[in-house]
$ cat structure-v2.cif   # mmCIF, C-alpha atoms
data_run
#
loop_
_atom_site.label_atom_id
_atom_site.label_comp_id
_atom_site.auth_asym_id
_atom_site.auth_seq_id
_atom_site.Cartn_x
_atom_site.Cartn_y
_atom_site.Cartn_z
CA MET A 13 -236.22 -76.64 73.43
CA ARG A 14 -232.53 -76.57 74.27
CA ASN A 15 -232.63 -80.31 74.86
CA TRP A 16 -234.18 -80.82 71.46
CA LYS A 17 -231.37 -78.77 69.91
CA THR A 18 -228.72 -80.82 71.74
CA PHE A 19 -230.31 -83.97 70.39
CA SER A 20 -231.14 -82.93 66.84
CA LYS A 21 -227.94 -81.13 65.84
CA GLY A 22 -226.11 -84.43 65.46
CA ILE A 23 -228.69 -85.75 63.01
CA LEU A 24 -228.67 -82.97 60.45
CA GLU A 25 -226.74 -79.76 60.83
CA GLU A 26 -223.69 -81.27 62.56
CA ASN A 27 -223.99 -84.77 61.14
CA PRO A 28 -220.70 -86.39 62.17
CA VAL A 29 -220.05 -88.13 58.84
CA LEU A 30 -221.62 -85.97 56.15
CA VAL A 31 -220.95 -82.51 57.58
CA MET A 32 -218.13 -82.87 60.11
CA LEU A 33 -216.32 -85.55 58.03
CA LEU A 34 -215.45 -87.73 61.02
CA GLY A 35 -215.43 -91.51 61.32
CA THR A 36 -214.57 -92.02 57.66
CA CYS A 37 -212.96 -95.43 58.18
CA PRO A 38 -216.05 -97.32 59.44
CA THR A 39 -218.20 -95.30 57.02
CA LEU A 40 -216.31 -96.68 54.05
CA ALA A 41 -215.58 -100.13 55.39
CA THR A 42 -218.97 -101.29 56.67
CA THR A 43 -221.32 -99.93 54.01
CA THR A 44 -221.20 -102.64 51.35
CA LEU A 45 -224.67 -103.62 52.58
CA ALA A 46 -227.28 -101.29 54.08
CA MET A 47 -227.90 -103.68 56.98
CA THR A 48 -224.21 -103.93 57.95
CA GLY A 49 -223.99 -100.14 57.95
CA VAL A 50 -227.01 -99.89 60.24
CA GLY A 51 -225.55 -102.56 62.53
CA MET A 52 -222.29 -100.65 62.76
CA GLY A 53 -224.20 -97.43 63.36
CA LEU A 54 -226.28 -98.87 66.19
CA ALA A 55 -223.28 -100.52 67.87
CA THR A 56 -221.44 -97.18 67.70
CA THR A 57 -224.52 -95.32 69.00
CA PHE A 58 -224.69 -97.60 72.03
CA VAL A 59 -221.01 -97.09 72.83
CA LEU A 60 -221.33 -93.35 72.23
CA VAL A 61 -224.31 -92.89 74.58
CA CYS A 62 -222.81 -95.06 77.35
CA SER A 63 -219.35 -93.51 77.17
CA ASN A 64 -220.80 -89.99 77.06
CA ILE A 65 -222.82 -90.73 80.22
CA VAL A 66 -219.90 -92.28 82.11
CA ILE A 67 -217.40 -89.61 81.07
CA SER A 68 -219.84 -86.88 82.01
CA LEU A 69 -220.28 -88.49 85.44
CA LEU A 70 -216.52 -88.72 85.90
CA LYS A 71 -215.66 -85.29 84.51
CA ARG A 72 -214.57 -83.92 87.91
CA VAL A 73 -212.58 -87.04 88.81
CA ILE A 74 -210.49 -87.44 85.65
CA PRO A 75 -207.27 -85.36 85.79
CA LYS A 76 -206.91 -83.12 82.77
CA GLU A 77 -203.42 -84.35 81.79
CA VAL A 78 -204.35 -88.02 81.44
CA ARG A 79 -207.90 -87.61 80.20
CA LEU A 80 -207.27 -89.18 76.81
CA PRO A 81 -206.15 -92.58 78.20
CA CYS A 82 -209.04 -92.43 80.70
CA PHE A 83 -211.59 -91.80 77.93
CA ILE A 84 -210.08 -94.62 75.89
CA VAL A 85 -210.42 -97.09 78.77
CA VAL A 86 -214.09 -96.20 79.28
CA ILE A 87 -214.80 -96.49 75.55
CA ALA A 88 -212.85 -99.75 75.21
CA GLY A 89 -214.86 -101.24 78.06
CA PHE A 90 -218.16 -100.57 76.31
CA VAL A 91 -216.79 -101.78 72.96
CA THR A 92 -215.81 -105.09 74.56
CA PHE A 93 -219.31 -105.31 76.04
CA VAL A 94 -220.98 -104.67 72.67
CA SER A 95 -218.82 -107.23 70.90
CA PHE A 96 -219.82 -109.87 73.49
CA ILE A 97 -223.50 -109.10 72.95
CA LEU A 98 -223.21 -109.21 69.15
CA GLN A 99 -221.10 -112.35 69.21
CA SER A 100 -223.74 -114.26 71.14
CA TYR A 101 -226.99 -112.83 69.73
CA LEU A 102 -226.13 -111.61 66.21
CA PRO A 103 -223.18 -113.76 65.10
CA SER A 104 -223.68 -113.00 61.40
CA LEU A 105 -223.43 -109.24 62.00
CA TYR A 106 -220.45 -109.86 64.29
CA ASP A 107 -218.68 -111.69 61.46
CA SER A 108 -219.44 -109.11 58.81
CA LEU A 109 -218.26 -106.19 60.96
CA GLY A 110 -215.10 -108.10 61.82
CA ILE A 111 -212.22 -106.06 63.08
CA PHE A 112 -214.16 -102.80 62.71
CA LEU A 113 -216.20 -103.70 65.76
CA SER A 114 -213.05 -103.51 67.90
CA LEU A 115 -211.94 -100.41 66.04
CA ILE A 116 -214.97 -98.49 67.40
CA VAL A 117 -212.49 -97.70 70.20
CA VAL A 118 -210.56 -95.34 67.95
CA ASN A 119 -213.59 -93.90 66.15
CA CYS A 120 -212.89 -90.18 66.28
CA ILE A 121 -216.60 -89.36 66.66
CA ILE A 122 -216.69 -91.00 70.10
CA LEU A 123 -213.41 -89.53 71.39
CA GLY A 124 -214.36 -86.19 69.87
CA ARG A 125 -217.72 -86.07 71.66
CA ALA A 126 -216.06 -87.13 74.92
CA GLU A 127 -213.52 -84.36 74.61
CA MET A 128 -215.77 -81.61 73.28
CA PHE A 129 -219.12 -82.31 74.90
CA ALA A 130 -219.33 -84.96 77.62
CA SER A 131 -216.38 -83.67 79.63
CA LYS A 132 -217.98 -80.22 79.83
CA ASN A 133 -221.73 -80.83 80.07
CA SER A 134 -224.33 -82.45 82.33
CA VAL A 135 -225.15 -86.15 82.20
CA GLY A 136 -228.58 -85.68 80.60
CA ALA A 137 -227.28 -83.35 77.90
CA SER A 138 -224.36 -85.70 77.17
CA ALA A 139 -226.68 -88.67 76.76
CA LEU A 140 -228.88 -86.69 74.34
CA ASP A 141 -225.85 -85.46 72.44
CA GLY A 142 -224.53 -89.01 72.13
CA LEU A 143 -227.91 -90.31 70.98
CA GLY A 144 -228.28 -87.57 68.36
CA MET A 145 -224.75 -88.01 67.00
CA GLY A 146 -225.20 -91.79 66.98
CA ILE A 147 -228.46 -91.58 65.03
CA GLY A 148 -226.84 -89.15 62.60
CA PHE A 149 -223.96 -91.58 62.10
CA THR A 150 -226.37 -94.51 61.62
CA LEU A 151 -228.46 -92.57 59.07
CA ALA A 152 -225.37 -91.59 57.08
CA LEU A 153 -224.20 -95.20 57.02
CA PHE A 154 -227.67 -96.34 55.99
CA VAL A 155 -227.79 -93.88 53.08
CA ILE A 156 -224.33 -94.78 51.78
CA GLY A 157 -224.93 -98.49 52.40
CA SER A 158 -228.25 -98.38 50.52
CA ILE A 159 -226.71 -96.70 47.48
CA ARG A 160 -223.85 -99.20 47.37
CA GLU A 161 -226.09 -102.21 47.90
CA ILE A 162 -228.68 -101.15 45.32
CA LEU A 163 -226.09 -100.34 42.63
CA GLY A 164 -223.48 -102.95 43.49
CA MET A 165 -225.53 -105.97 44.55
CA GLY A 166 -228.89 -105.33 42.90
CA SER A 167 -230.71 -105.76 46.19
CA PHE A 168 -231.99 -103.66 49.07
CA LEU A 169 -231.86 -104.79 52.70
CA GLY A 170 -231.24 -108.28 51.42
CA PHE A 171 -234.21 -108.39 48.98
CA SER A 172 -232.98 -109.01 45.44
CA PHE A 173 -234.41 -107.08 42.50
CA GLY A 174 -234.42 -110.14 40.27
CA ASP A 175 -232.51 -111.04 37.14
CA TRP A 176 -233.35 -108.05 34.93
CA TYR A 177 -230.85 -105.91 36.82
CA GLU A 178 -227.15 -106.41 36.23
CA PRO A 179 -225.32 -105.31 39.43
CA MET A 180 -222.32 -103.01 38.99
CA LEU A 181 -219.80 -104.75 41.19
CA PHE A 182 -217.60 -101.65 41.21
CA PHE A 183 -219.79 -100.11 43.89
CA ILE A 184 -219.08 -102.76 46.50
CA THR A 185 -215.33 -102.60 45.94
CA PRO A 186 -213.25 -100.25 48.13
CA ALA A 187 -212.86 -97.86 45.17
CA GLY A 188 -216.64 -97.71 44.82
CA GLY A 189 -216.86 -96.82 48.50
CA PHE A 190 -214.67 -93.74 48.04
CA PHE A 191 -216.64 -92.78 44.95
CA VAL A 192 -220.11 -93.02 46.52
CA PHE A 193 -218.92 -91.20 49.64
CA GLY A 194 -217.50 -88.40 47.48
CA VAL A 195 -220.73 -88.01 45.52
CA VAL A 196 -222.86 -88.05 48.70
CA ILE A 197 -220.68 -85.33 50.25
CA ALA A 198 -221.05 -83.28 47.06
CA VAL A 199 -224.86 -83.55 47.29
CA VAL A 200 -224.76 -82.61 50.97
CA ASN A 201 -222.61 -79.60 50.10
CA ILE A 202 -225.24 -78.46 47.58
CA ILE A 203 -227.87 -78.65 50.34
CA ILE A 204 -225.60 -76.79 52.80
CA ARG A 205 -224.99 -74.04 50.25
CA ALA A 206 -228.72 -73.80 49.54
CA MET A 207 -229.19 -73.14 53.26
CA HIS A 208 -226.67 -70.29 52.92
CA ARG A 209 -224.04 -71.93 55.06
CA LYS A 210 -220.47 -72.82 54.23
CA PRO A 211 -219.60 -76.49 53.74
CA LYS A 212 -216.40 -77.80 55.29
CA GLU A 213 -213.54 -77.20 52.89
CA LYS A 214 -211.11 -79.80 54.17
CA PHE A 215 -210.48 -82.51 56.67
CA GLY A 216 -209.47 -80.15 59.45
CA CYS A 217 -208.65 -80.13 63.13
CA ASP A 218 -212.21 -79.52 64.36
CA GLY A 219 -213.41 -82.61 66.08
CA CYS A 220 -209.96 -84.18 66.18
CA PRO A 221 -209.65 -85.63 69.68
CA ASN A 222 -205.98 -84.72 69.74
CA GLN A 223 -206.59 -81.08 69.02
CA ALA A 224 -205.70 -79.96 72.55
CA ASN A 225 -202.48 -81.97 72.63
CA CYS A 226 -201.46 -81.27 69.07
CA THR A 227 -198.32 -79.16 68.85
CA ASN A 228 -198.92 -78.47 65.21
CA GLN A 229 -201.99 -76.26 65.62
CA GLU A 230 -201.06 -73.91 62.79
CA GLY A 231 -202.26 -75.84 59.78
CA GLY A 232 -202.26 -79.09 61.71
CA CYS A 233 -202.07 -82.19 59.62
CA ASN A 234 -203.18 -80.13 56.65
CA ALA A 235 -199.91 -78.22 56.65
CA MET B 1 -186.32 -120.84 51.89
CA ASP B 2 -189.92 -121.62 52.84
CA LEU B 3 -189.74 -119.17 55.70
CA MET B 4 -188.35 -116.49 53.41
CA LYS B 5 -191.12 -117.10 50.91
CA GLU B 6 -193.80 -116.98 53.61
CA MET B 7 -192.47 -113.67 54.91
CA LEU B 8 -192.31 -112.17 51.42
CA VAL B 9 -195.90 -113.23 50.79
CA ILE B 10 -197.03 -111.51 54.01
CA LEU B 11 -194.98 -108.40 53.24
CA PHE B 12 -196.17 -107.91 49.67
CA SER B 13 -199.78 -108.78 50.48
CA ALA B 14 -199.77 -106.11 53.16
CA ILE B 15 -198.18 -103.49 50.90
CA LEU B 16 -199.96 -104.03 47.61
CA VAL B 17 -202.88 -106.45 47.64
CA ASP B 18 -204.46 -105.72 51.02
CA ASN B 19 -203.24 -102.16 51.24
CA PHE B 20 -204.32 -100.85 54.62
CA VAL B 21 -205.69 -97.58 53.34
CA LEU B 22 -207.06 -98.42 49.93
CA SER B 23 -208.52 -101.85 50.47
CA LYS B 24 -208.92 -102.27 54.23
CA PHE B 25 -210.05 -98.70 54.95
CA MET B 26 -207.85 -98.12 57.95
CA GLY B 27 -206.19 -94.79 58.60
CA ILE B 28 -208.40 -92.85 56.19
CA CYS B 29 -208.30 -89.67 58.30
CA PRO B 30 -204.52 -89.13 58.05
CA PHE B 31 -204.62 -90.40 54.46
CA LEU B 32 -207.00 -87.61 53.49
CA GLY B 33 -205.73 -85.05 55.99
CA VAL B 34 -201.96 -85.24 55.73
CA SER B 35 -201.59 -85.91 52.03
CA LYS B 36 -201.66 -82.32 50.84
CA LYS B 37 -197.89 -81.91 50.77
CA MET B 38 -195.16 -84.38 49.99
CA ASP B 39 -192.97 -83.56 53.05
CA SER B 40 -195.73 -84.09 55.55
CA ALA B 41 -196.79 -87.29 53.78
CA VAL B 42 -193.27 -88.68 54.15
CA GLY B 43 -193.06 -87.57 57.80
CA MET B 44 -196.39 -89.08 58.69
CA GLY B 45 -195.52 -92.30 56.87
CA GLY B 46 -192.25 -92.65 58.75
CA ALA B 47 -193.95 -92.07 62.08
CA VAL B 48 -196.65 -94.65 61.29
CA ILE B 49 -194.10 -97.31 60.24
CA PHE B 50 -192.17 -96.75 63.49
CA VAL B 51 -195.22 -96.84 65.75
CA MET B 52 -196.71 -99.88 63.99
CA LEU B 53 -193.49 -101.87 64.40
CA MET B 54 -193.11 -100.89 68.06
CA ALA B 55 -196.78 -101.51 68.81
CA SER B 56 -196.61 -105.01 67.33
CA ALA B 57 -193.38 -105.76 69.16
CA MET B 58 -195.00 -104.78 72.46
CA THR B 59 -198.47 -106.19 72.05
CA TYR B 60 -197.26 -109.62 70.94
CA PRO B 61 -195.63 -110.55 74.30
CA ILE B 62 -198.50 -108.95 76.21
CA TYR B 63 -201.02 -111.07 74.36
CA THR B 64 -199.03 -114.32 74.36
CA PHE B 65 -197.60 -114.25 77.86
CA LEU B 66 -200.15 -112.22 79.80
CA LEU B 67 -203.61 -112.44 78.26
CA VAL B 68 -203.64 -115.98 76.85
CA PRO B 69 -202.37 -117.80 80.01
CA ASN B 70 -204.96 -115.94 82.09
CA HIS B 71 -207.80 -116.55 79.57
CA LEU B 72 -208.28 -112.83 79.07
CA GLU B 73 -208.08 -112.81 75.27
CA TYR B 74 -211.23 -110.72 75.09
CA LEU B 75 -209.41 -107.83 76.76
CA ASN B 76 -207.03 -107.50 73.81
CA THR B 77 -208.62 -104.33 72.40
CA MET B 78 -208.41 -102.52 75.72
CA ALA B 79 -204.88 -103.70 76.53
CA PHE B 80 -203.55 -102.90 73.05
CA ILE B 81 -204.97 -99.40 72.78
CA LEU B 82 -203.64 -98.52 76.25
CA VAL B 83 -200.18 -99.77 75.36
CA ILE B 84 -200.21 -97.82 72.10
CA ALA B 85 -201.48 -94.62 73.74
CA LEU B 86 -198.89 -94.76 76.53
CA PHE B 87 -196.07 -95.67 74.18
CA VAL B 88 -196.80 -92.88 71.74
CA GLN B 89 -196.95 -90.33 74.54
CA LEU B 90 -193.61 -91.62 75.89
CA VAL B 91 -191.89 -91.43 72.51
CA GLU B 92 -193.21 -87.93 72.01
CA ILE B 93 -191.78 -86.76 75.34
CA ILE B 94 -188.41 -88.40 74.69
CA LEU B 95 -188.12 -86.96 71.19
CA LYS B 96 -189.14 -83.50 72.33
CA ARG B 97 -186.58 -83.49 75.14
CA PHE B 98 -183.59 -85.11 73.48
CA ILE B 99 -183.82 -85.27 69.69
CA LYS B 100 -185.35 -81.98 68.64
CA PRO B 101 -184.75 -82.23 64.85
CA LEU B 102 -186.41 -85.65 64.68
CA TYR B 103 -189.25 -84.32 66.79
CA ASN B 104 -189.83 -81.51 64.35
CA SER B 105 -190.00 -83.83 61.35
CA LEU B 106 -191.78 -86.87 62.85
CA GLY B 107 -192.89 -85.99 66.37
CA VAL B 108 -195.60 -83.55 65.40
CA TYR B 109 -197.54 -86.41 63.84
CA LEU B 110 -197.26 -88.70 66.84
CA PRO B 111 -200.34 -87.55 68.80
CA LEU B 112 -202.43 -88.21 65.70
CA ILE B 113 -201.23 -91.76 65.55
CA THR B 114 -202.65 -92.81 68.92
CA THR B 115 -206.14 -92.75 67.53
CA ASN B 116 -205.17 -93.97 64.08
CA CYS B 117 -207.15 -97.14 63.51
CA ALA B 118 -204.42 -98.58 61.28
CA VAL B 119 -202.08 -98.98 64.27
CA LEU B 120 -204.63 -100.67 66.52
CA GLY B 121 -205.88 -102.55 63.47
CA VAL B 122 -202.53 -104.10 62.62
CA THR B 123 -202.03 -105.37 66.19
CA LEU B 124 -205.53 -106.86 66.25
CA LEU B 125 -205.06 -108.46 62.81
CA ASN B 126 -201.79 -110.05 63.95
CA VAL B 127 -203.72 -111.74 66.74
CA GLU B 128 -206.65 -112.67 64.50
CA ASN B 129 -204.37 -114.29 61.92
CA GLU B 130 -202.45 -116.09 64.68
CA TYR B 131 -199.14 -114.76 63.39
CA ASN B 132 -195.98 -115.58 65.35
CA PHE B 133 -193.60 -112.83 66.42
CA LEU B 134 -191.66 -112.70 63.14
CA SER B 135 -194.77 -112.75 60.94
CA SER B 136 -196.34 -110.04 63.11
CA MET B 137 -193.34 -107.79 62.65
CA VAL B 138 -193.24 -108.41 58.88
CA ASN B 139 -196.98 -107.78 58.62
CA SER B 140 -196.66 -104.48 60.51
CA LEU B 141 -193.74 -103.42 58.35
CA GLY B 142 -195.78 -104.19 55.24
CA ALA B 143 -198.80 -102.36 56.60
CA GLY B 144 -196.69 -99.31 57.43
CA LEU B 145 -194.96 -99.32 54.05
CA GLY B 146 -198.31 -99.77 52.31
CA PHE B 147 -199.74 -96.83 54.23
CA THR B 148 -196.74 -94.67 53.33
CA LEU B 149 -196.90 -95.71 49.67
CA ALA B 150 -200.59 -94.83 49.45
CA LEU B 151 -199.99 -91.52 51.23
CA ILE B 152 -197.10 -90.49 48.97
CA LEU B 153 -198.87 -91.54 45.76
CA PHE B 154 -201.97 -89.69 46.84
CA ALA B 155 -199.99 -86.57 47.77
CA GLY B 156 -198.73 -86.53 44.19
CA VAL B 157 -202.26 -86.90 42.82
CA ARG B 158 -203.57 -84.14 45.07
CA GLU B 159 -200.95 -81.66 44.01
CA ARG B 160 -202.34 -82.06 40.49
CA VAL B 161 -205.97 -81.90 41.62
CA GLU B 162 -205.27 -78.61 43.41
CA ALA B 163 -204.39 -77.03 40.07
CA ALA B 164 -207.26 -78.62 38.14
CA ASP B 165 -210.47 -76.88 37.21
CA VAL B 166 -213.05 -78.77 39.25
CA PRO B 167 -216.84 -78.22 39.06
CA GLU B 168 -217.98 -75.98 41.92
CA THR B 169 -220.02 -78.74 43.59
CA PHE B 170 -217.10 -81.12 43.77
CA LYS B 171 -214.50 -78.61 45.00
CA GLY B 172 -212.67 -79.53 48.19
CA VAL B 173 -213.59 -82.77 49.90
CA PRO B 174 -215.70 -84.53 47.22
CA ILE B 175 -213.01 -84.35 44.51
CA THR B 176 -210.44 -85.60 47.04
CA LEU B 177 -212.59 -88.66 47.64
CA ILE B 178 -213.15 -89.25 43.93
CA ALA B 179 -209.38 -89.03 43.39
CA ALA B 180 -208.90 -91.54 46.21
CA SER B 181 -211.37 -93.81 44.44
CA ILE B 182 -209.32 -93.71 41.26
CA VAL B 183 -206.10 -94.46 43.17
CA ALA B 184 -207.92 -97.40 44.80
CA VAL B 185 -208.95 -98.68 41.36
CA SER B 186 -205.30 -98.74 40.33
CA PHE B 187 -204.46 -100.80 43.42
CA MET B 188 -207.15 -103.32 42.44
CA GLY B 189 -204.77 -104.24 39.64
CA PHE B 190 -202.52 -105.91 42.20
CA ASN B 191 -205.16 -108.53 42.99
CA GLY B 192 -203.68 -111.95 42.54
CA LEU B 193 -200.18 -110.54 42.11
CA VAL B 194 -198.70 -112.21 45.19
CA THR B 195 -200.23 -115.63 44.56
CA GLY B 196 -199.15 -115.26 40.93
CA ILE B 197 -195.49 -114.71 41.84
CA PHE B 198 -195.06 -116.80 44.96
CA GLY B 199 -197.93 -119.27 44.65
#

$ encode --input "structure-v2.cif" --output "structure tokens"
Amino acid sequence: MRNWKTFSKGILEENPVLVMLLGTCPTLATTTLAMTGVGMGLATTFVLVCSNIVISLLKRVIPKEVRLPCFIVVIAGFVTFVSFILQSYLPSLYDSLGIFLSLIVVNCIILGRAEMFASKNSVGASALDGLGMGIGFTLALFVIGSIREILGMGSFLGFSFGDWYEPMLFFITPAGGFFVFGVVIAVVNIIIRAMHRKPKEKFGCDGCPNQANCTNQEGGCNA
Amino acid sequence: MDLMKEMLVILFSAILVDNFVLSKFMGICPFLGVSKKMDSAVGMGGAVIFVMLMASAMTYPIYTFLLVPNHLEYLNTMAFILVIALFVQLVEIILKRFIKPLYNSLGVYLPLITTNCAVLGVTLLNVENEYNFLSSMVNSLGAGLGFTLALILFAGVRERVEAADVPETFKGVPITLIAASIVAVSFMGFNGLVTGIFG
């Protein structure tokens, strides 16, 4: 039961994108098409699970003071691995993700889970946590990507709706990305309120991988 | 003259047309997090410009003289992020020890910059576009200025939004994102500006 909780919290109640508001850059940048979003989500999930496992294994070896660079090296290793795999087997996805594939390294979801979960919990739990968070991330990207593709391109997963529908190009522009993300968060907040919980009010320090090092704790970057 | 023109094209493209925040989606977290007050927006912007310039200045020789001769180009992500992380930590220590006033205005934002994808992004884009040292530096300066411009403009917008009467559902994060969308629309107006002037 506890294992199920560890796994499922990332998908719904602590969804990294829609509830915790982390990883906003890849969320906005790779969701012009539903498929690209899912590709990004799965690549991130792979890195997240692997890095969580390795960091959990190494948690007694890594000195506390230099843990951030150590985490980054582990994560960067897996990111390089994933980009090799995609480059050779899925070149079209590799091209459409572009620089954001490399930028998985600085995705705050991954560093955040390393800092808050993997470095404190067992290997099995860390793997489950990574898998749950990764699936939550992928689902969020799929939802936002679907909305933008349907409205902006007049197609879904690559299948066109035909000529009767005039696509609203606004939704695949960067501005449309911000707009759709804002509306989706508003809908999620309605659901959270209906469950009698408080939605997150601002982009705060929770989940920020630099929280422990940050000297500006009072108010943080929201000061 | 040609060189000058080329550099100006890179600079203005990076600031206005391909703005890092509003059209490339890099550095969204600080853009949304630090833009509540004008002072912190300016401080964060200054710190980002500095770190971007230094990161490009350091990663260029590492890539050209270390990775390329040894056929290790694929290690660029790992090498770059390590260099940036170590450098930022070093600057923070130096500022804290020796230049306290500067630390108080800029230094507090430094730890946040390590994991800012705009900094790693600009170094990776320099490599991807095969820029030489000068173009890399100009591109990073443009990216940093573009980031600061977006941050300052958005801080102004947010001060207004704070006072506005927003529907309950959209209060907080959603209205911030909608406001960002509108700012991004205004930047779409710069499309074709650089080729129009310099082309």

$ resolve_selection --input "structure-v2.cif" --expression "the PyMOL selection byres ((chain A and resi 159) around 9)" --output "short mmCIF file (atom, residue, chain, number, x, y, z; two decimals) with C-alpha atoms, in the coordinates of the input"
data_model
loop_
_atom_site.label_atom_id
_atom_site.label_comp_id
_atom_site.auth_asym_id
_atom_site.auth_seq_id
_atom_site.Cartn_x
_atom_site.Cartn_y
_atom_site.Cartn_z
CA THR A 44 -221.20 -102.64 51.35
CA LEU A 45 -224.67 -103.62 52.58
CA ALA A 46 -227.28 -101.29 54.08
CA PHE A 154 -227.67 -96.34 55.99
CA VAL A 155 -227.79 -93.88 53.08
CA ILE A 156 -224.33 -94.78 51.78
CA GLY A 157 -224.93 -98.49 52.40
CA SER A 158 -228.25 -98.38 50.52
CA ARG A 160 -223.85 -99.20 47.37
CA GLU A 161 -226.09 -102.21 47.90
CA ILE A 162 -228.68 -101.15 45.32
CA LEU A 163 -226.09 -100.34 42.63
CA GLY A 164 -223.48 -102.95 43.49
CA PHE A 168 -231.99 -103.66 49.07
CA PHE A 183 -219.79 -100.11 43.89
CA VAL A 192 -220.11 -93.02 46.52
#

$ resolve_selection --input "structure-v2.cif" --expression "the PyMOL selection byres ((chain A and resi 111) around 8)" --output "list in words"
Leu109, Gly110, Phe112, Leu113, Ser114 and Leu115 of chain A; Gly121, Leu124 and Leu125 of chain B

$ write_last_selection --input "structure-v2.cif" --atoms "C-alpha atoms" --output "JSON list (two decimals), keeping the file's coordinate frame"
[["chain", "number", "residue", "atom", "x", "y", "z"],
["A", 109, "LEU", "CA", -218.26, -106.19, 60.96],
["A", 110, "GLY", "CA", -215.10, -108.10, 61.82],
["A", 112, "PHE", "CA", -214.16, -102.80, 62.71],
["A", 113, "LEU", "CA", -216.20, -103.70, 65.76],
["A", 114, "SER", "CA", -213.05, -103.51, 67.90],
["A", 115, "LEU", "CA", -211.94, -100.41, 66.04],
["B", 121, "GLY", "CA", -205.88, -102.55, 63.47],
["B", 124, "LEU", "CA", -205.53, -106.86, 66.25],
["B", 125, "LEU", "CA", -205.06, -108.46, 62.81]]

$ resolve_selection --input "structure-v2.cif" --expression "the PyMOL selection byres ((chain A and resi 118-134) around 7)" --output "number ranges by chain"
A: 28, 34-35, 60, 64, 67-68, 71, 115-117, 135-138, 219-221; B: 115-117

$ atom_distance --input "structure-v2.cif" --atom1 "atom CA of A:Leu140" --atom2 "atom CA of A:Arg205"
27.5 Å

$ atom_distance --input "structure-v2.cif" --atom1 "atom CA of B:Ile15" --atom2 "atom CA of B:Ile197"
14.7 Å

$ residues_around --input "structure-v2.cif" --residues "A:Val199" --least-positions-apart "3" --cutoff "10 Å" --atoms "all atoms listed in the file" --output "PyMOL selection string"
(chain A and resi 30+193-196+202-205) or (chain B and resi 169-170+174)
